[in-house]
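Below is one structure, written out as structure tokens, with a few remarks after it.
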Number of protein chains: 2
Amino acid sequence: MIIAVDAAGGDYYPDNPIKGSIQALDELSDLTVILVGPEDSIKEELSNHEYDEQRLLIQHAPEIIGMDESPAQAVKTKQNSSIVKGLGMHKAGKCSAFISAGNTGALLAASTFLLGKLEGVSRPTIAAMYPTVQGVRLMMDVGANLEMRAEMYVQFAQMGKIFASEIMGFEDPKVGLLNVGEEKEKGTDNLKEAYQKLSALPNFAGNIEGRDIFAGKADIFLCDGLVGNILLKFGESIPGALNTFVKQGIKTLGLGSDEAKLVNKVLKASLAEFDSEQVGGVPFLGVDGVSMVGHGSSSPLAIKNMILNSAKCVDHSINDKIVASLK
Amino acid sequence: MIIAVDAAGGDYYPDNPIKGSIQALDELSDLTVILVGPEDSIKEELSNHEYDEQRLLIQHAPEIIGMDESPAQAVKTKQNSSIVKGLGMHKAGKCSAFISAGNTGALLAASTFLLGKLEGVSRPTIAAMYPTVQGVRLMMDVGANLEMRAEMYVQFAQMGKIFASEIMGFEDPKVGLLNVGEEKEKGTDNLKEAYQKLSALPNFAGNIEGRDIFAGKADIFLCDGLVGNILLKFGESIPGALNTFVKQGIKTLGLGSDEAKLVNKVLKASLAEFDSEQVGGVPFLGVDGVSMVGHGSSSPLAIKNMILNSAKCVDHSINDKIVASLK
């Protein structure tokens, strides 16, 4: 199992990708990691660590794609970036997966362009883990496809089902279509058509509403990338906003510092699921390869989990299963 | 000031509409309320209260439009419902406003059909109050228009600005366009066109993202009714979900019941802004009249606040100001 890791992506490179890679090597004995990025800075960081040199290789890639760079332009002009180099190696069969905490748009563009699409897939999608009171669920699309034709909802439902059952461990994941009401005649013409097409799937649970997200009424929340992206970023803002709301509440009630400390401790424990560290990352489903992206702020633990998850995607042949399910 | 109140709408009629009306009469000396609904049940509830008979009148309307009834069908077939009767009286000039906690879809359909649209308005919209760490903000559209042409964003921004400044007391309300990124070239073609048209408004603050909602980065969050409706219902679910998250957190930490009580007390105080009672309701902006809708679960206090807000809309001539702003 050879996995390429972007050592020039995210907010804390090359440190966090390198630390996470070493942790993954400790955990998975048949793993080899290729760090992709500027050789000098990788070597410098590596000099601080103990590791097995046979299993931690370097692929020099001097160009850096910034987090806010225009994706299409960056991928086109920076052929020696870690993203283009790493995915090129994956395409050439030199590794089984590529993971990165870098520019999501550039990763999606490069993954689609360099790896190509799986048979039967109109467009690759990006999913995200979403916290609910029932545990983490899958939301998709969260920004790759702002407008979706009806058949794309069906393809995404199929891909999500395979990812949720093979990688997240859901037994029979139910798909809910985010809409303005539960009845099948609710929503835009496009959503009505999607509902009709989705009804052919045995695991379709019908329309769900905004209030059903946190309740975990489905295992996969299907929506277009505009709705999903706004909900994803809104969800990520909730712990911080709650801290502020609670700070105001503590002030209103005039609590002492011991009481305030207790409340903050409980809040932190209560919102543990909002922490993306454990999740690691999510794959671009629908591309002909395993390409996974994590949050820009990914910690070493998040990078490690992303590497382990991508290995799981390879082990479980999820792409073969996706192609079979779309036939 | 004569205001008609739907005494057959919401989850707790006729009790709550009647109690709220009596409270409003106590607060506003020049107010007369006409309760619209089945005469017998109104009289029965009124017999439990002390009130000024000269200022609390009854308009018999025997038919009931259920909360889940198909709006268009209900409005068409139930001519003797409180909604159709009440809005008919408003159209005929027998009252200055109509307020209801009933079926939102039926209210929107009847308001649009019976009152007509204001000059320059393509489609009426429904806005909602949204809690943020900076205080309550306005979100629109939240379900009346699932798909919006670019010029509708501009009209809604203008109407929202007038409502926010005249009724909510914002000095110079800033309008943010909900999108997947801040840059003007982000989003669908429709959103890009909307951005361009909105740029002509002096109070346009550009694109905002999901994470900017709770941060209160704008005073008016502009979005289509699909995004807005999902966000509205998601937002309404947050206090309940948090209670569950915190219950789990308390269990994880193994806290005692006194500590748990303290935490729940703080949580309640912290989330006071999520309580829709104080807000009362929101108007259908863009119709030629004042028609306001509240949550189905509206308490007497919420009904009272809705009546007072509708009186304020009349006093401030917000419709004249909307027509002038759209010229």
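Ligands are numbered from 1 in the order shown, chains are lettered A, B, ... in the order of the structure tokens, and residues start at 1 in each chain.
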Exercise. Near chain A, which residues of chain B fall within 9 Å when you count only C-alpha atoms, and what do they look like as a PyMOL selection string?
Worked result: chain B and resi 132-133+143+146-147+178-180+187-188+209-215+225-227+229-238+241-242+244-250+252-253+259+262-263+265-272
Would you output that residue set with N, CA and C atoms, as a short mmCIF file (atom, residue, chain, number, x, y, z; two decimals), in the first residue's frame?
```cif
data_model
loop_
_atom_site.label_atom_id
_atom_site.label_comp_id
_atom_site.auth_asym_id
_atom_site.auth_seq_id
_atom_site.Cartn_x
_atom_site.Cartn_y
_atom_site.Cartn_z
N THR B 132 -28.10 35.78 15.77
CA THR B 132 -26.65 35.79 15.55
C THR B 132 -26.00 36.26 16.85
N VAL B 133 -24.68 36.14 16.92
CA VAL B 133 -24.00 36.59 18.14
C VAL B 133 -24.06 38.12 18.26
N GLY B 143 -38.67 30.81 1.79
CA GLY B 143 -39.53 29.75 1.29
C GLY B 143 -40.60 30.15 0.29
N LEU B 146 -38.52 29.65 -4.28
CA LEU B 146 -37.44 28.67 -4.22
C LEU B 146 -36.38 28.95 -5.28
N GLU B 147 -36.80 29.52 -6.39
CA GLU B 147 -35.84 29.93 -7.42
C GLU B 147 -36.05 31.42 -7.66
N LEU B 178 -25.77 35.44 0.35
CA LEU B 178 -25.25 34.13 0.76
C LEU B 178 -24.72 33.37 -0.45
N ASN B 179 -23.45 32.95 -0.36
CA ASN B 179 -22.82 32.32 -1.50
C ASN B 179 -21.75 31.33 -0.99
N VAL B 180 -21.05 30.70 -1.90
CA VAL B 180 -20.06 29.70 -1.50
C VAL B 180 -18.67 30.31 -1.28
N GLY B 187 -20.06 31.26 -7.21
CA GLY B 187 -21.46 30.87 -7.26
C GLY B 187 -21.99 30.57 -8.65
N THR B 188 -23.30 30.36 -8.72
CA THR B 188 -23.97 30.06 -9.99
C THR B 188 -24.00 31.32 -10.86
N GLU B 209 -20.59 33.99 3.49
CA GLU B 209 -20.60 32.52 3.49
C GLU B 209 -21.38 31.99 4.69
N GLY B 210 -21.56 30.68 4.71
CA GLY B 210 -22.32 30.05 5.79
C GLY B 210 -21.78 30.41 7.17
N ARG B 211 -20.46 30.55 7.27
CA ARG B 211 -19.86 30.85 8.58
C ARG B 211 -20.13 32.28 9.02
N ASP B 212 -20.60 33.13 8.09
CA ASP B 212 -20.84 34.54 8.41
C ASP B 212 -22.22 34.79 9.01
N ILE B 213 -23.09 33.77 8.98
CA ILE B 213 -24.45 33.96 9.46
C ILE B 213 -24.45 34.21 10.96
N PHE B 214 -23.99 33.24 11.73
CA PHE B 214 -23.98 33.39 13.19
C PHE B 214 -23.07 34.53 13.63
N ALA B 215 -22.06 34.84 12.81
CA ALA B 215 -21.17 35.95 13.15
C ALA B 215 -21.87 37.29 12.94
N GLY B 225 -35.27 30.94 -1.69
CA GLY B 225 -36.15 30.35 -0.69
C GLY B 225 -35.81 28.92 -0.33
N LEU B 226 -35.08 28.22 -1.19
CA LEU B 226 -34.67 26.85 -0.87
C LEU B 226 -33.59 26.89 0.22
N VAL B 227 -32.55 27.68 -0.03
CA VAL B 227 -31.48 27.84 0.96
C VAL B 227 -32.06 28.41 2.27
N ASN B 229 -35.15 28.47 3.50
CA ASN B 229 -36.08 27.61 4.23
C ASN B 229 -35.32 26.52 4.98
N ILE B 230 -34.30 25.94 4.34
CA ILE B 230 -33.51 24.91 5.01
C ILE B 230 -32.75 25.51 6.19
N LEU B 231 -32.16 26.70 5.99
CA LEU B 231 -31.43 27.36 7.08
C LEU B 231 -32.36 27.78 8.22
N LEU B 232 -33.56 28.23 7.87
CA LEU B 232 -34.51 28.65 8.91
C LEU B 232 -34.88 27.48 9.81
N LYS B 233 -35.25 26.37 9.19
CA LYS B 233 -35.67 25.20 9.97
C LYS B 233 -34.48 24.58 10.71
N PHE B 234 -33.31 24.64 10.08
CA PHE B 234 -32.10 24.15 10.75
C PHE B 234 -31.86 24.99 12.01
N GLY B 235 -31.94 26.31 11.84
CA GLY B 235 -31.72 27.22 12.97
C GLY B 235 -32.71 26.97 14.09
N GLU B 236 -33.97 26.73 13.73
CA GLU B 236 -35.00 26.48 14.75
C GLU B 236 -34.71 25.19 15.52
N SER B 237 -34.00 24.28 14.88
CA SER B 237 -33.72 22.99 15.53
C SER B 237 -32.52 23.05 16.46
N ILE B 238 -31.75 24.13 16.40
CA ILE B 238 -30.49 24.19 17.15
C ILE B 238 -30.68 24.12 18.67
N ALA B 241 -31.46 20.51 19.61
CA ALA B 241 -30.33 19.62 19.35
C ALA B 241 -29.23 19.86 20.39
N LEU B 242 -29.01 21.12 20.72
CA LEU B 242 -27.97 21.43 21.70
C LEU B 242 -28.28 20.85 23.06
N THR B 244 -29.74 18.13 23.56
CA THR B 244 -29.36 16.71 23.47
C THR B 244 -27.84 16.55 23.50
N PHE B 245 -27.13 17.38 22.71
CA PHE B 245 -25.66 17.32 22.72
C PHE B 245 -25.14 17.52 24.15
N VAL B 246 -25.71 18.51 24.85
CA VAL B 246 -25.22 18.84 26.19
C VAL B 246 -25.59 17.73 27.18
N LYS B 247 -26.76 17.13 27.00
CA LYS B 247 -27.14 16.00 27.84
C LYS B 247 -26.10 14.89 27.71
N GLN B 248 -25.67 14.64 26.46
CA GLN B 248 -24.65 13.62 26.22
C GLN B 248 -23.31 14.04 26.86
N GLY B 249 -22.99 15.35 26.75
CA GLY B 249 -21.74 15.86 27.34
C GLY B 249 -21.74 15.72 28.85
N ILE B 250 -22.88 16.01 29.48
CA ILE B 250 -23.01 15.89 30.93
C ILE B 250 -22.82 14.44 31.37
N THR B 252 -21.16 12.10 29.61
CA THR B 252 -19.74 11.76 29.37
C THR B 252 -18.88 12.16 30.56
N LEU B 253 -19.13 13.38 31.08
CA LEU B 253 -18.31 13.90 32.17
C LEU B 253 -18.77 13.39 33.53
N GLU B 259 -24.88 20.28 39.11
CA GLU B 259 -24.05 20.81 38.03
C GLU B 259 -24.82 20.81 36.71
N LEU B 262 -27.22 23.68 36.56
CA LEU B 262 -26.54 24.95 36.28
C LEU B 262 -26.27 25.08 34.78
N VAL B 263 -25.75 24.00 34.19
CA VAL B 263 -25.41 24.03 32.77
C VAL B 263 -26.66 24.29 31.93
N LYS B 265 -29.37 25.77 32.84
CA LYS B 265 -29.82 27.15 33.07
C LYS B 265 -29.03 28.12 32.18
N VAL B 266 -27.72 27.91 32.14
CA VAL B 266 -26.87 28.78 31.30
C VAL B 266 -27.24 28.62 29.84
N LEU B 267 -27.44 27.37 29.42
CA LEU B 267 -27.78 27.12 28.02
C LEU B 267 -29.07 27.84 27.64
N LYS B 268 -30.05 27.77 28.53
CA LYS B 268 -31.33 28.42 28.26
C LYS B 268 -31.15 29.94 28.12
N ALA B 269 -30.39 30.51 29.03
CA ALA B 269 -30.15 31.96 28.98
C ALA B 269 -29.36 32.34 27.73
N SER B 270 -28.44 31.45 27.34
CA SER B 270 -27.57 31.75 26.20
C SER B 270 -28.33 31.73 24.88
N LEU B 271 -29.37 30.90 24.83
CA LEU B 271 -30.09 30.72 23.57
C LEU B 271 -31.41 31.49 23.54
N ALA B 272 -31.55 32.48 24.43
CA ALA B 272 -32.80 33.23 24.51
C ALA B 272 -33.19 33.84 23.17
#
```
Problem set entry | Backbone DSSP call of strand (DSSP E or B) for region 136-303 of chain B, listed as a list in words |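 Put together, the selection reads Arg137, Leu138, Met139, Met140, Val175, Gly176, Leu177, Leu178, Phe204, Ala205, Gly206, Asn207, Ile208, Ile220, Phe221, Leu222, Val282, Pro283, Phe284, Leu285, Val287, Ser291, Met292 and Val293 of chain B.
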For this session: Compile the contact shell of Gly10 (chain A) as a ChimeraX atom specification: residues with an atom at most 9 Å away, counting only C-alpha atoms, same-chain residues fewer than 6 positions apart removed.
Result: /A:16-17,66-67,100-103,294-298
Save the residues we just selected, N, CA and C atoms, as a PDB file, in the first residue's frame?
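So selection.pdb came out as:
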```
ATOM      1  N   ASN A  16       2.645  19.264   9.709  1.00  0.00           N
ATOM      2  CA  ASN A  16       1.538  18.360  10.020  1.00  0.00           C
ATOM      3  C   ASN A  16       1.433  17.176   9.059  1.00  0.00           C
ATOM      4  N   PRO A  17       1.576  17.388   7.739  1.00  0.00           N
ATOM      5  CA  PRO A  17       1.554  16.216   6.844  1.00  0.00           C
ATOM      6  C   PRO A  17       2.661  15.212   7.190  1.00  0.00           C
ATOM      7  N   GLY A  66      -1.443  28.011  -3.504  1.00  0.00           N
ATOM      8  CA  GLY A  66      -1.979  28.649  -2.300  1.00  0.00           C
ATOM      9  C   GLY A  66      -3.426  28.275  -2.054  1.00  0.00           C
ATOM     10  N   MET A  67      -3.886  28.456  -0.811  1.00  0.00           N
ATOM     11  CA  MET A  67      -5.245  28.068  -0.418  1.00  0.00           C
ATOM     12  C   MET A  67      -6.306  28.890  -1.146  1.00  0.00           C
ATOM     13  N   SER A 100      -4.518  15.170   0.750  1.00  0.00           N
ATOM     14  CA  SER A 100      -4.043  16.544   0.859  1.00  0.00           C
ATOM     15  C   SER A 100      -4.942  17.362   1.774  1.00  0.00           C
ATOM     16  N   ALA A 101      -4.358  18.342   2.435  1.00  0.00           N
ATOM     17  CA  ALA A 101      -5.143  19.310   3.207  1.00  0.00           C
ATOM     18  C   ALA A 101      -5.114  20.660   2.500  1.00  0.00           C
ATOM     19  N   GLY A 102      -4.836  20.616   1.180  1.00  0.00           N
ATOM     20  CA  GLY A 102      -4.649  21.851   0.421  1.00  0.00           C
ATOM     21  C   GLY A 102      -5.919  22.441  -0.160  1.00  0.00           C
ATOM     22  N   ASN A 103      -5.736  23.252  -1.184  1.00  0.00           N
ATOM     23  CA  ASN A 103      -6.809  23.983  -1.870  1.00  0.00           C
ATOM     24  C   ASN A 103      -7.840  23.013  -2.461  1.00  0.00           C
ATOM     25  N   GLY A 294      -8.655  17.064   3.138  1.00  0.00           N
ATOM     26  CA  GLY A 294      -8.971  17.365   4.529  1.00  0.00           C
ATOM     27  C   GLY A 294      -9.047  18.865   4.739  1.00  0.00           C
ATOM     28  N   HIS A 295      -9.490  19.267   5.900  1.00  0.00           N
ATOM     29  CA  HIS A 295      -9.573  20.676   6.273  1.00  0.00           C
ATOM     30  C   HIS A 295      -8.183  21.316   6.227  1.00  0.00           C
ATOM     31  N   GLY A 296      -8.126  22.582   5.823  1.00  0.00           N
ATOM     32  CA  GLY A 296      -6.846  23.281   5.767  1.00  0.00           C
ATOM     33  C   GLY A 296      -6.099  23.253   7.091  1.00  0.00           C
ATOM     34  N   SER A 297      -6.844  23.237   8.180  1.00  0.00           N
ATOM     35  CA  SER A 297      -6.219  23.269   9.507  1.00  0.00           C
ATOM     36  C   SER A 297      -5.890  21.873  10.038  1.00  0.00           C
ATOM     37  N   SER A 298      -5.936  20.870   9.155  1.00  0.00           N
ATOM     38  CA  SER A 298      -5.723  19.479   9.587  1.00  0.00           C
ATOM     39  C   SER A 298      -4.505  19.316  10.500  1.00  0.00           C
TER      40      SER A 298
END
```
Exercise. So which residues touch Gly280 (chain A) within 9 Å, counting only C-alpha atoms, skipping near sequence neighbours fewer than 3 positions away, as a list in words?
Worked result: Ser276, Glu277, Val293, Gly294, His295, Ser298, Ser299, Leu301, Ala302, Ile303, Lys304, Asn305, Met306, Ile307, Leu308 and Asn309 of chain A
Put those residues in a file: C-alpha atoms, as a PDB file, in the first residue's frame.
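Result saved to out_35.pdb:
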```
ATOM      1  CA  SER A 276     -13.111  17.292  12.277  1.00  0.00           C
ATOM      2  CA  GLU A 277      -9.860  15.710  13.559  1.00  0.00           C
ATOM      3  CA  VAL A 293      -9.083  16.169   0.942  1.00  0.00           C
ATOM      4  CA  GLY A 294      -8.971  17.365   4.529  1.00  0.00           C
ATOM      5  CA  HIS A 295      -9.573  20.676   6.273  1.00  0.00           C
ATOM      6  CA  SER A 298      -5.723  19.479   9.587  1.00  0.00           C
ATOM      7  CA  SER A 299      -3.653  18.353  12.584  1.00  0.00           C
ATOM      8  CA  LEU A 301      -3.995  13.233  13.803  1.00  0.00           C
ATOM      9  CA  ALA A 302      -6.350  14.399  11.036  1.00  0.00           C
ATOM     10  CA  ILE A 303      -3.675  13.679   8.403  1.00  0.00           C
ATOM     11  CA  LYS A 304      -3.064  10.230   9.899  1.00  0.00           C
ATOM     12  CA  ASN A 305      -6.784   9.452   9.838  1.00  0.00           C
ATOM     13  CA  MET A 306      -7.008  10.669   6.263  1.00  0.00           C
ATOM     14  CA  ILE A 307      -4.188   8.326   5.227  1.00  0.00           C
ATOM     15  CA  LEU A 308      -5.838   5.387   7.038  1.00  0.00           C
ATOM     16  CA  ASN A 309      -9.222   6.207   5.456  1.00  0.00           C
TER      17      ASN A 309
END
```
Glu39 (chain A): which residues within 7 Å, counting only C-alpha atoms, same-chain residues fewer than 3 positions away excluded, as a tab-separated table (two decimals) with N, CA and C atoms, in the first residue's frame?
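As written to disk, result19.tsv reads:
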```
chain	number	residue	atom	x	y	z
A	42	ILE	N	10.99	19.56	3.27
A	42	ILE	CA	10.58	18.24	3.78
A	42	ILE	C	11.74	17.61	4.56
A	43	LYS	N	12.94	17.65	3.96
A	43	LYS	CA	14.12	17.06	4.62
A	43	LYS	C	14.41	17.74	5.95
A	58	ILE	N	10.42	10.62	-0.67
A	58	ILE	CA	10.14	12.02	-1.04
A	58	ILE	C	10.03	12.15	-2.55
A	60	HIS	N	10.07	15.27	-5.04
A	60	HIS	CA	10.26	16.72	-5.08
A	60	HIS	C	9.18	17.38	-5.95
```
Seminar exercise, completed: Among B:Asp219, B:Glu182, B:Glu27, B:Asp6, Leu107 (chain B) is approached most closely, using only C-alpha atoms, by B:Asp6
